[in-house]
Amino acid sequence: MRIKIAPSILAADLARLGEQVNEAIAAGVDYLHIDVMDGRFVPNLTFGVPVIAALSPIARQAGTPLDVHLMVENPDPLLDEYVRAGSDILTVHVETCPHLHRTIQRVKEAGIQAGVTLNPATPISTLEEILPYVDQVLVMSVNPGFGEQSYISTCTDKVARLRRMLDEHNLTAVELEVDGGITPETAPLAAQAGATILVAGSAIFNKHSSVAENVRALRAACS
Ligand code: DX5
Ligand code: ZN
């Protein structure tokens with residue numbers, strides 16, 4: 001199966017964000033990954049609703065979905081705003097949602113796709129009851145908060161176990177996304193373990209090669 005690529009704009013040259021997003025779209029990426037960080041759940045502070053709203057028309061015109069990864073404590077109060085701003089997929093951390101089912105239900109009722117994600121130390125058993133309700137599961141292969149960290153190698157087995165869990169529950173349409181430390185070296189590990197979407201920040205937006213070359217290299221590594 002062809003692996004899908006979701007560039008994280010966190011690694012883009014933010015002084016020319018629109019240009020970088022257009023380069024990624026022209027390179028044929030499958031999603032745009034937006035890392036929303038609140039300085040509480042994770043130490044870093046990044047973008048929120050206004051940046052999603054600014055990118056939404058560009059993404060919509062290209063038909064490239066906005067994959068929004070919420071690294072925020074208690075995402076519930078702003079859910080409607082994230083939806084209105086143009087998110088196509090909203091992914092929440094199980095660690096931040098005491099009423100996870102309600103949060104996921106609200107995202108689905110808003111008419112967009114819902115995802116759920118896990119920190120590296122959170123076991124996949126925490127997902128068992130929610131899996132039938134989600135469109136996407138995201139395995140964090142670094143501790144969230146920063147780009148350019150190294151892939152945690154035990155996450156490959158976690159992805160494989162989650163792939164089995166999805167298959168056993170006949171949830172083969174659920175996307176299995178991996179985020180953090182994805183490079184041409186680690187991408188095939190995640191892909192072979194059963195990932196369907198790879199998030200990549202610094203491997204796509206960097207000074208060494210163009211966005212198009214980097215996307216090609218990731219795809220080639222997985223084929
Ligand atoms: C980490 C973010 C990732 C990050 C990936 O908290 O969720 O999306 O930007 O960056 P790289 O690919 O550089 O590890
Ligand atoms: Zn992310």
# chains A, B, ... in the order shown; residues from 1 in each chain; ligands from 1
call {"tool": "residues_near_ligand", "arguments": {"ligand": "ligand 1", "cutoff": "6 Å", "atoms": "only C-alpha atoms and all ligand atoms", "output": "list in words"}}
result
Ser8, Leu10, Asp35, Pro144, Gly145, Phe146, Gly147, Glu148, Gln149, Asp179, Gly180, Gly181, Ile182, Ala200, Gly201, Ser202 and Ala203 of chain A
call {"tool": "residues_around", "arguments": {"residues": "stretch 116-129 of chain A", "least_positions_apart": "6", "cutoff": "6 Å", "atoms": "only C-alpha atoms", "output": "MDAnalysis selection string"}}
result
chainID A and resid 91:93 137:140
call {"tool": "write_last_selection", "arguments": {"atoms": "N, CA and C atoms", "output": "PDB file, in the first residue's frame"}}
result
ATOM      1  N   THR A  91      -7.148  15.558  16.038  1.00  0.00           N
ATOM      2  CA  THR A  91      -6.627  14.455  16.843  1.00  0.00           C
ATOM      3  C   THR A  91      -6.329  14.953  18.252  1.00  0.00           C
ATOM      4  N   VAL A  92      -6.877  14.239  19.236  1.00  0.00           N
ATOM      5  CA  VAL A  92      -6.652  14.609  20.638  1.00  0.00           C
ATOM      6  C   VAL A  92      -5.829  13.525  21.334  1.00  0.00           C
ATOM      7  N   HIS A  93      -5.120  13.928  22.374  1.00  0.00           N
ATOM      8  CA  HIS A  93      -4.341  12.978  23.181  1.00  0.00           C
ATOM      9  C   HIS A  93      -5.236  12.320  24.230  1.00  0.00           C
ATOM     10  N   VAL A 137      -5.723   6.801  14.249  1.00  0.00           N
ATOM     11  CA  VAL A 137      -4.958   6.654  15.489  1.00  0.00           C
ATOM     12  C   VAL A 137      -3.538   7.124  15.195  1.00  0.00           C
ATOM     13  N   LEU A 138      -3.014   7.920  16.101  1.00  0.00           N
ATOM     14  CA  LEU A 138      -1.668   8.473  15.915  1.00  0.00           C
ATOM     15  C   LEU A 138      -0.759   7.929  17.019  1.00  0.00           C
ATOM     16  N   VAL A 139       0.315   7.295  16.623  1.00  0.00           N
ATOM     17  CA  VAL A 139       1.310   6.819  17.585  1.00  0.00           C
ATOM     18  C   VAL A 139       2.444   7.846  17.619  1.00  0.00           C
ATOM     19  N   MET A 140       2.676   8.415  18.794  1.00  0.00           N
ATOM     20  CA  MET A 140       3.799   9.348  18.935  1.00  0.00           C
ATOM     21  C   MET A 140       5.082   8.535  19.077  1.00  0.00           C
TER      22      MET A 140
END
call {"tool": "residues_around", "arguments": {"residues": "A:Leu218", "least_positions_apart": "3", "cutoff": "7 Å", "atoms": "only C-alpha atoms", "output": "PyMOL selection string"}}
result
chain A and resi 183-184+187+214-215+221-222
call {"tool": "closest_atom_pairs", "arguments": {"of": "stretch 83-106 of chain A", "to": "stretch 53-60 of chain A", "cutoff": "10 Å", "atoms": "only C-alpha atoms", "output": "JSON lines"}}
result
{"residue": "A:Val83", "atom": "CA", "partner": "A:Ala53", "partner_atom": "CA", "distance": 9.5}
{"residue": "A:Arg84", "atom": "CA", "partner": "A:Ala53", "partner_atom": "CA", "distance": 8.1}
{"residue": "A:Ala85", "atom": "CA", "partner": "A:Ala53", "partner_atom": "CA", "distance": 4.4}
{"residue": "A:Gly86", "atom": "CA", "partner": "A:Ser56", "partner_atom": "CA", "distance": 5.4}
{"residue": "A:Ser87", "atom": "CA", "partner": "A:Ser56", "partner_atom": "CA", "distance": 7.4}
{"residue": "A:Asp88", "atom": "CA", "partner": "A:Ser56", "partner_atom": "CA", "distance": 9.2}
call {"tool": "residues_around", "arguments": {"residues": "A:Arg106", "least_positions_apart": "6", "cutoff": "9 Å", "atoms": "only C-alpha atoms", "output": "list in words"}}
result
Asp76, Leu79 and Asp80 of chain A
